[in-house]
$ cat run.pdb   # PDB, C-alpha atoms, pLDDT in the B column
ATOM      1  CA  MET A   1      -0.019  49.144  -2.431  1.00 42.00           C
ATOM      2  CA  ARG A   2       3.595  48.278  -2.293  1.00 40.00           C
ATOM      3  CA  HIS A   3       5.293  46.850  -5.339  1.00 43.00           C
ATOM      4  CA  VAL A   4       2.153  46.965  -7.501  1.00 44.00           C
ATOM      5  CA  ARG A   5       3.703  49.405  -9.924  1.00 46.00           C
ATOM      6  CA  ALA A   6       6.829  47.260 -10.254  1.00 42.00           C
ATOM      7  CA  ILE A   7       4.752  44.147 -10.870  1.00 44.00           C
ATOM      8  CA  ALA A   8       2.630  45.911 -13.476  1.00 44.00           C
ATOM      9  CA  VAL A   9       5.660  47.253 -15.297  1.00 44.00           C
ATOM     10  CA  LEU A  10       7.380  43.877 -15.344  1.00 42.00           C
ATOM     11  CA  LEU A  11       4.264  42.136 -16.587  1.00 44.00           C
ATOM     12  CA  ALA A  12       3.580  44.801 -19.187  1.00 47.00           C
ATOM     13  CA  MET A  13       7.006  44.440 -20.731  1.00 41.00           C
ATOM     14  CA  SER A  14       7.038  42.139 -23.711  1.00 40.00           C
ATOM     15  CA  PRO A  15       9.593  39.310 -23.565  1.00 42.00           C
ATOM     16  CA  ALA A  16      11.441  40.772 -26.554  1.00 42.00           C
ATOM     17  CA  SER A  17      11.863  44.204 -24.988  1.00 42.00           C
ATOM     18  CA  ALA A  18      12.850  42.640 -21.669  1.00 43.00           C
ATOM     19  CA  MET A  19      15.552  40.587 -23.382  1.00 40.00           C
ATOM     20  CA  ALA A  20      16.734  43.576 -25.408  1.00 48.00           C
ATOM     21  CA  GLY A  21      17.288  45.596 -22.232  1.00 52.00           C
ATOM     22  CA  ASN A  22      14.844  48.318 -23.224  1.00 60.00           C
ATOM     23  CA  GLU A  23      13.339  50.541 -20.556  1.00 65.00           C
ATOM     24  CA  ALA A  24       9.965  49.665 -19.131  1.00 63.00           C
ATOM     25  CA  PRO A  25       7.088  51.595 -20.671  1.00 58.00           C
ATOM     26  CA  LYS A  26       6.140  54.858 -19.012  1.00 78.00           C
ATOM     27  CA  PHE A  27       2.654  55.441 -17.671  1.00 87.00           C
ATOM     28  CA  SER A  28       0.617  57.820 -19.793  1.00 91.00           C
ATOM     29  CA  ASP A  29      -1.061  60.951 -18.496  1.00 93.00           C
ATOM     30  CA  GLU A  30      -4.397  59.187 -18.977  1.00 94.00           C
ATOM     31  CA  GLN A  31      -3.256  56.256 -16.852  1.00 94.00           C
ATOM     32  CA  MET A  32      -2.003  58.568 -14.116  1.00 94.00           C
ATOM     33  CA  ALA A  33      -5.282  60.508 -14.164  1.00 96.00           C
ATOM     34  CA  CYS A  34      -7.200  57.221 -13.972  1.00 96.00           C
ATOM     35  CA  LEU A  35      -5.099  56.114 -10.993  1.00 95.00           C
ATOM     36  CA  ALA A  36      -5.510  59.463  -9.256  1.00 96.00           C
ATOM     37  CA  THR A  37      -9.291  59.417  -9.671  1.00 96.00           C
ATOM     38  CA  ALA A  38      -9.612  55.823  -8.495  1.00 96.00           C
ATOM     39  CA  THR A  39      -7.405  56.464  -5.475  1.00 95.00           C
ATOM     40  CA  LYS A  40      -9.146  59.683  -4.486  1.00 97.00           C
ATOM     41  CA  GLU A  41     -12.588  58.076  -4.661  1.00 96.00           C
ATOM     42  CA  TYR A  42     -11.381  55.035  -2.740  1.00 95.00           C
ATOM     43  CA  LEU A  43      -9.774  57.058   0.042  1.00 95.00           C
ATOM     44  CA  THR A  44     -12.804  59.330   0.370  1.00 95.00           C
ATOM     45  CA  THR A  45     -15.241  56.428   0.633  1.00 94.00           C
ATOM     46  CA  ASN A  46     -12.972  54.445   2.935  1.00 91.00           C
ATOM     47  CA  ALA A  47     -12.659  57.442   5.251  1.00 91.00           C
ATOM     48  CA  GLN A  48     -16.446  57.478   5.553  1.00 90.00           C
ATOM     49  CA  PHE A  49     -16.379  53.907   6.870  1.00 85.00           C
ATOM     50  CA  VAL A  50     -13.781  54.843   9.459  1.00 84.00           C
ATOM     51  CA  LEU A  51     -15.689  57.965  10.500  1.00 86.00           C
ATOM     52  CA  ARG A  52     -18.878  55.963  10.971  1.00 83.00           C
ATOM     53  CA  ALA A  53     -17.082  53.506  13.239  1.00 78.00           C
ATOM     54  CA  THR A  54     -15.245  56.133  15.286  1.00 77.00           C
ATOM     55  CA  GLY A  55     -18.287  58.418  15.417  1.00 76.00           C
ATOM     56  CA  LYS A  56     -20.084  55.758  17.429  1.00 70.00           C
ATOM     57  CA  GLY A  57     -17.287  55.701  19.996  1.00 74.00           C
ATOM     58  CA  THR A  58     -15.779  52.451  18.762  1.00 71.00           C
ATOM     59  CA  THR A  59     -13.041  51.435  16.377  1.00 72.00           C
ATOM     60  CA  ILE A  60     -14.790  48.222  15.403  1.00 80.00           C
ATOM     61  CA  MET A  61     -16.961  48.405  12.310  1.00 81.00           C
ATOM     62  CA  SER A  62     -20.323  46.759  11.987  1.00 83.00           C
ATOM     63  CA  VAL A  63     -20.489  43.528  10.013  1.00 88.00           C
ATOM     64  CA  ASP A  64     -22.323  45.266   7.159  1.00 89.00           C
ATOM     65  CA  ASN A  65     -19.755  48.066   7.000  1.00 86.00           C
ATOM     66  CA  THR A  66     -16.891  45.560   7.068  1.00 88.00           C
ATOM     67  CA  ILE A  67     -18.414  43.697   4.125  1.00 93.00           C
ATOM     68  CA  ALA A  68     -19.019  46.962   2.266  1.00 93.00           C
ATOM     69  CA  GLN A  69     -15.448  48.059   2.927  1.00 92.00           C
ATOM     70  CA  ARG A  70     -14.097  44.801   1.509  1.00 93.00           C
ATOM     71  CA  ARG A  71     -16.232  45.270  -1.603  1.00 96.00           C
ATOM     72  CA  LEU A  72     -14.846  48.793  -1.857  1.00 96.00           C
ATOM     73  CA  VAL A  73     -11.287  47.428  -1.811  1.00 96.00           C
ATOM     74  CA  GLU A  74     -12.156  44.858  -4.482  1.00 97.00           C
ATOM     75  CA  GLY A  75     -13.708  47.515  -6.701  1.00 97.00           C
ATOM     76  CA  TYR A  76     -10.756  49.819  -6.180  1.00 97.00           C
ATOM     77  CA  CYS A  77      -8.268  47.094  -7.040  1.00 97.00           C
ATOM     78  CA  LYS A  78     -10.243  46.255 -10.164  1.00 97.00           C
ATOM     79  CA  ARG A  79     -10.139  49.914 -11.264  1.00 97.00           C
ATOM     80  CA  TRP A  80      -6.461  50.208 -10.337  1.00 95.00           C
ATOM     81  CA  ALA A  81      -5.575  47.161 -12.412  1.00 96.00           C
ATOM     82  CA  ALA A  82      -7.656  48.409 -15.344  1.00 96.00           C
ATOM     83  CA  CYS A  83      -5.834  51.749 -15.251  1.00 96.00           C
ATOM     84  CA  LEU A  84      -2.399  50.129 -15.257  1.00 93.00           C
ATOM     85  CA  SER A  85      -3.202  47.575 -17.942  1.00 93.00           C
ATOM     86  CA  SER A  86      -4.961  49.978 -20.309  1.00 92.00           C
ATOM     87  CA  ASN A  87      -1.861  50.577 -22.448  1.00 90.00           C
ATOM     88  CA  VAL A  88      -1.134  46.883 -23.099  1.00 90.00           C
ATOM     89  CA  LYS A  89      -2.197  46.126 -26.668  1.00 90.00           C
ATOM     90  CA  ASP A  90      -2.020  42.328 -26.663  1.00 92.00           C
ATOM     91  CA  ASP A  91      -5.267  40.921 -25.216  1.00 90.00           C
ATOM     92  CA  SER A  92      -3.744  37.906 -23.487  1.00 91.00           C
ATOM     93  CA  LEU A  93      -0.876  39.949 -22.053  1.00 94.00           C
ATOM     94  CA  ARG A  94      -3.320  42.651 -20.902  1.00 93.00           C
ATOM     95  CA  GLU A  95      -5.357  39.975 -19.095  1.00 95.00           C
ATOM     96  CA  THR A  96      -2.181  38.711 -17.410  1.00 95.00           C
ATOM     97  CA  VAL A  97      -1.242  42.238 -16.325  1.00 93.00           C
ATOM     98  CA  LEU A  98      -4.805  42.853 -15.119  1.00 94.00           C
ATOM     99  CA  ARG A  99      -4.864  39.662 -13.046  1.00 95.00           C
ATOM    100  CA  GLY A 100      -1.413  40.163 -11.556  1.00 95.00           C
ATOM    101  CA  THR A 101      -2.016  43.791 -10.702  1.00 94.00           C
ATOM    102  CA  PHE A 102      -5.421  43.028  -9.187  1.00 96.00           C
ATOM    103  CA  ALA A 103      -4.005  40.225  -7.037  1.00 96.00           C
ATOM    104  CA  GLY A 104      -1.081  42.386  -5.927  1.00 94.00           C
ATOM    105  CA  CYS A 105      -3.423  45.215  -5.036  1.00 94.00           C
ATOM    106  CA  LEU A 106      -5.615  42.967  -2.892  1.00 94.00           C
ATOM    107  CA  GLU A 107      -2.587  41.482  -1.171  1.00 94.00           C
ATOM    108  CA  ASN A 108      -1.080  44.865  -0.400  1.00 92.00           C
ATOM    109  CA  GLU A 109      -4.357  46.279   0.882  1.00 89.00           C
ATOM    110  CA  ALA A 110      -4.700  43.260   3.180  1.00 88.00           C
ATOM    111  CA  LYS A 111      -1.145  43.748   4.450  1.00 88.00           C
ATOM    112  CA  SER A 112      -1.656  47.447   5.075  1.00 83.00           C
ATOM    113  CA  ASP A 113      -4.918  46.644   6.898  1.00 76.00           C
ATOM    114  CA  GLU A 114      -3.119  44.126   9.116  1.00 75.00           C
ATOM    115  CA  GLU A 115      -0.478  46.710   9.926  1.00 75.00           C
ATOM    116  CA  GLY A 116      -3.147  49.277  10.666  1.00 64.00           C
ATOM    117  CA  GLN A 117      -1.666  51.720   8.204  1.00 53.00           C
ATOM    118  CA  PRO A 118      -2.795  52.948   4.811  1.00 51.00           C
ATOM    119  CA  SER A 119      -0.845  51.529   1.908  1.00 55.00           C
ATOM    120  CA  GLU A 120       1.824  53.868   0.629  1.00 49.00           C
ATOM    121  CA  ASP A 121       3.165  52.851  -2.762  1.00 49.00           C
ATOM    122  CA  ARG A 122       0.349  52.471  -5.244  1.00 45.00           C
TER     123      ARG A 122
END

$ encode --input "run.pdb" --output "structure tokens"
Amino acid sequence: MRHVRAIAVLLAMSPASAMAGNEAPKFSDEQMACLATATKEYLTTNAQFVLRATGKGTTIMSVDNTIAQRRLVEGYCKRWAACLSSNVKDDSLRETVLRGTFAGCLENEAKSDEEGQPSEDR
């Protein structure tokens, strides 16, 4: 997902720190591990959908597999957003980061699907 990390960092910054010119917060080891796990599980499951379609001699997925794949993307984006927003202490700001990151994730996955390429910058 392109630009998701930049969006999350910008949203996670408090207005005071942004005005003071402080650096954006770094992602913790726990956040990075969370992201790695979510991404690995997503890519593994998504590959299974592709293998099922190509194993039948076609590149077009069944309707049921297409729906399941979309649900997979939604679940992945929800996990991704939760990982990135986990260090935000303020509840309302965390919800804003969660929503923005989730929306950005969905948008970038849709774009990468249209281009026929996996998303690069998560």

$ residues_around --input "run.pdb" --residues "Leu106 of chain A" --least-positions-apart "5" --cutoff "8 Å" --atoms "all atoms listed in the file" --output "PyMOL selection string"
chain A and resi 73-74+77

$ atom_distance --input "run.pdb" --atom1 "atom CA of Ser62 of chain A" --atom2 "atom CA of Lys78 of chain A"
24.3 Å

$ residues_around --input "run.pdb" --residues "Ser85 of chain A" --least-positions-apart "4" --cutoff "6 Å" --atoms "all atoms listed in the file" --output "list of chain:residue names"
A:Arg94, A:Val97, A:Leu98

$ closest_residue --input "run.pdb" --among "A:Thr101, A:Thr96, A:Ser28, A:Gln69" --to "Ala47 of chain A" --atoms "all atoms listed in the file"
A:Gln69

$ residues_around --input "run.pdb" --residues "Glu95 of chain A" --least-positions-apart "2" --cutoff "12 Å" --atoms "only C-alpha atoms" --output "count of residues only"
22

$ resolve_selection --input "run.pdb" --expression "the PyMOL selection byres ((chain A and resi 48-51) around 9)" --output "NGL selection string"
:A and (43-47 or 52-56 or 59-61 or 65-66 or 68-69)

$ atom_distance --input "run.pdb" --atom1 "atom CA of Ala38 of chain A" --atom2 "atom CA of Trp80 of chain A"
6.7 Å

$ axis_aligned_box --input "run.pdb" --around "segment 40-53 of chain A" --padding-each-side "8 Å" --output "lines of an AutoDock Vina configuration file"
center_x = -14.0
center_y = 56.6
center_z = 4.3
size_x = 25.7
size_y = 22.2
size_z = 33.9

$ atom_distance --input "run.pdb" --atom1 "atom CA of Met32 of chain A" --atom2 "atom CA of Tyr76 of chain A"
14.7 Å

$ closest_residue --input "run.pdb" --among "A:Asp64, A:Arg70, A:Cys83, A:Gly75" --to "Gln31 of chain A" --atoms "all atoms listed in the file"
A:Cys83

$ decode --input "run.pdb" --residues "segment 84-98 of chain A" --atoms "all heavy atoms" --output "JSON list (two decimals), in the first residue's frame"
[["chain", "number", "residue", "atom", "x", "y", "z"],
["A", 84, "LEU", "N", -0.76, -0.05, 13.12],
["A", 84, "LEU", "CA", -0.17, 1.28, 13.02],
["A", 84, "LEU", "C", -0.72, 2.27, 14.03],
["A", 84, "LEU", "O", -0.04, 3.22, 14.41],
["A", 84, "LEU", "CB", -0.35, 1.84, 11.61],
["A", 84, "LEU", "CG", 0.50, 1.18, 10.54],
["A", 84, "LEU", "CD1", 0.19, 1.77, 9.18],
["A", 84, "LEU", "CD2", 1.98, 1.30, 10.84],
["A", 85, "SER", "N", -1.94, 2.06, 14.48],
["A", 85, "SER", "CA", -2.54, 3.00, 15.42],
["A", 85, "SER", "C", -2.38, 2.58, 16.87],
["A", 85, "SER", "O", -2.79, 3.31, 17.78],
["A", 85, "SER", "CB", -4.03, 3.18, 15.10],
["A", 85, "SER", "OG", -4.73, 1.97, 15.30],
["A", 86, "SER", "N", -1.75, 1.45, 17.11],
["A", 86, "SER", "CA", -1.67, 0.91, 18.47],
["A", 86, "SER", "C", -0.87, 1.78, 19.44],
["A", 86, "SER", "O", -1.09, 1.70, 20.64],
["A", 86, "SER", "CB", -1.09, -0.50, 18.45],
["A", 86, "SER", "OG", 0.25, -0.48, 17.98],
["A", 87, "ASN", "N", 0.01, 2.62, 18.94],
["A", 87, "ASN", "CA", 0.83, 3.45, 19.84],
["A", 87, "ASN", "C", 0.22, 4.82, 20.12],
["A", 87, "ASN", "O", 0.78, 5.60, 20.87],
["A", 87, "ASN", "CB", 2.24, 3.61, 19.27],
["A", 87, "ASN", "CG", 2.27, 4.47, 18.03],
["A", 87, "ASN", "OD1", 1.29, 4.57, 17.30],
["A", 87, "ASN", "ND2", 3.41, 5.07, 17.76],
["A", 88, "VAL", "N", -0.93, 5.12, 19.53],
["A", 88, "VAL", "CA", -1.57, 6.42, 19.74],
["A", 88, "VAL", "C", -2.39, 6.35, 21.03],
["A", 88, "VAL", "O", -3.30, 5.53, 21.15],
["A", 88, "VAL", "CB", -2.47, 6.81, 18.55],
["A", 88, "VAL", "CG1", -3.11, 8.15, 18.78],
["A", 88, "VAL", "CG2", -1.65, 6.81, 17.26],
["A", 89, "LYS", "N", -2.05, 7.18, 21.99],
["A", 89, "LYS", "CA", -2.67, 7.11, 23.32],
["A", 89, "LYS", "C", -4.05, 7.75, 23.37],
["A", 89, "LYS", "O", -4.94, 7.24, 24.03],
["A", 89, "LYS", "CB", -1.76, 7.77, 24.37],
["A", 89, "LYS", "CG", -0.36, 7.17, 24.43],
["A", 89, "LYS", "CD", -0.40, 5.72, 24.84],
["A", 89, "LYS", "CE", 1.00, 5.15, 24.92],
["A", 89, "LYS", "NZ", 1.09, 3.78, 24.51],
["A", 90, "ASP", "N", -4.24, 8.84, 22.70],
["A", 90, "ASP", "CA", -5.52, 9.55, 22.71],
["A", 90, "ASP", "C", -6.56, 8.76, 21.93],
["A", 90, "ASP", "O", -6.35, 8.45, 20.75],
["A", 90, "ASP", "CB", -5.34, 10.95, 22.11],
["A", 90, "ASP", "CG", -6.61, 11.74, 22.11],
["A", 90, "ASP", "OD1", -6.94, 12.34, 23.15],
["A", 90, "ASP", "OD2", -7.28, 11.76, 21.05],
["A", 91, "ASP", "N", -7.69, 8.44, 22.56],
["A", 91, "ASP", "CA", -8.71, 7.60, 21.93],
["A", 91, "ASP", "C", -9.26, 8.19, 20.64],
["A", 91, "ASP", "O", -9.42, 7.49, 19.64],
["A", 91, "ASP", "CB", -9.86, 7.31, 22.90],
["A", 91, "ASP", "CG", -9.46, 6.36, 24.01],
["A", 91, "ASP", "OD1", -8.46, 5.62, 23.84],
["A", 91, "ASP", "OD2", -10.14, 6.34, 25.05],
["A", 92, "SER", "N", -9.58, 9.48, 20.66],
["A", 92, "SER", "CA", -10.18, 10.07, 19.45],
["A", 92, "SER", "C", -9.15, 10.17, 18.33],
["A", 92, "SER", "O", -9.47, 9.96, 17.16],
["A", 92, "SER", "CB", -10.80, 11.43, 19.76],
["A", 92, "SER", "OG", -9.82, 12.34, 20.18],
["A", 93, "LEU", "N", -7.91, 10.48, 18.68],
["A", 93, "LEU", "CA", -6.86, 10.54, 17.67],
["A", 93, "LEU", "C", -6.56, 9.15, 17.13],
["A", 93, "LEU", "O", -6.38, 8.97, 15.92],
["A", 93, "LEU", "CB", -5.58, 11.18, 18.24],
["A", 93, "LEU", "CG", -4.42, 11.34, 17.27],
["A", 93, "LEU", "CD1", -4.83, 12.19, 16.07],
["A", 93, "LEU", "CD2", -3.23, 11.96, 17.98],
["A", 94, "ARG", "N", -6.56, 8.13, 18.00],
["A", 94, "ARG", "CA", -6.33, 6.76, 17.56],
["A", 94, "ARG", "C", -7.41, 6.33, 16.58],
["A", 94, "ARG", "O", -7.13, 5.71, 15.56],
["A", 94, "ARG", "CB", -6.27, 5.79, 18.73],
["A", 94, "ARG", "CG", -5.95, 4.36, 18.30],
["A", 94, "ARG", "CD", -5.73, 3.36, 19.43],
["A", 94, "ARG", "NE", -6.71, 3.44, 20.49],
["A", 94, "ARG", "CZ", -6.48, 3.93, 21.72],
["A", 94, "ARG", "NH1", -5.28, 4.40, 22.03],
["A", 94, "ARG", "NH2", -7.43, 3.95, 22.62],
["A", 95, "GLU", "N", -8.67, 6.70, 16.86],
["A", 95, "GLU", "CA", -9.76, 6.37, 15.95],
["A", 95, "GLU", "C", -9.57, 7.06, 14.60],
["A", 95, "GLU", "O", -9.82, 6.46, 13.55],
["A", 95, "GLU", "CB", -11.10, 6.77, 16.56],
["A", 95, "GLU", "CG", -12.29, 6.43, 15.71],
["A", 95, "GLU", "CD", -12.53, 4.94, 15.51],
["A", 95, "GLU", "OE1", -12.05, 4.12, 16.33],
["A", 95, "GLU", "OE2", -13.21, 4.57, 14.52],
["A", 96, "THR", "N", -9.09, 8.28, 14.61],
["A", 96, "THR", "CA", -8.84, 9.01, 13.36],
["A", 96, "THR", "C", -7.72, 8.33, 12.57],
["A", 96, "THR", "O", -7.84, 8.15, 11.35],
["A", 96, "THR", "CB", -8.46, 10.47, 13.67],
["A", 96, "THR", "OG1", -9.54, 11.08, 14.38],
["A", 96, "THR", "CG2", -8.18, 11.25, 12.40],
["A", 97, "VAL", "N", -6.66, 7.94, 13.26],
["A", 97, "VAL", "CA", -5.55, 7.25, 12.61],
["A", 97, "VAL", "C", -6.03, 5.91, 12.05],
["A", 97, "VAL", "O", -5.72, 5.55, 10.91],
["A", 97, "VAL", "CB", -4.37, 7.04, 13.58],
["A", 97, "VAL", "CG1", -3.31, 6.14, 12.97],
["A", 97, "VAL", "CG2", -3.76, 8.37, 13.99],
["A", 98, "LEU", "N", -6.82, 5.19, 12.84],
["A", 98, "LEU", "CA", -7.35, 3.89, 12.42],
["A", 98, "LEU", "C", -8.19, 4.04, 11.15],
["A", 98, "LEU", "O", -8.00, 3.30, 10.18],
["A", 98, "LEU", "CB", -8.18, 3.29, 13.55],
["A", 98, "LEU", "CG", -8.70, 1.88, 13.35],
["A", 98, "LEU", "CD1", -7.56, 0.88, 13.37],
["A", 98, "LEU", "CD2", -9.70, 1.54, 14.44]]
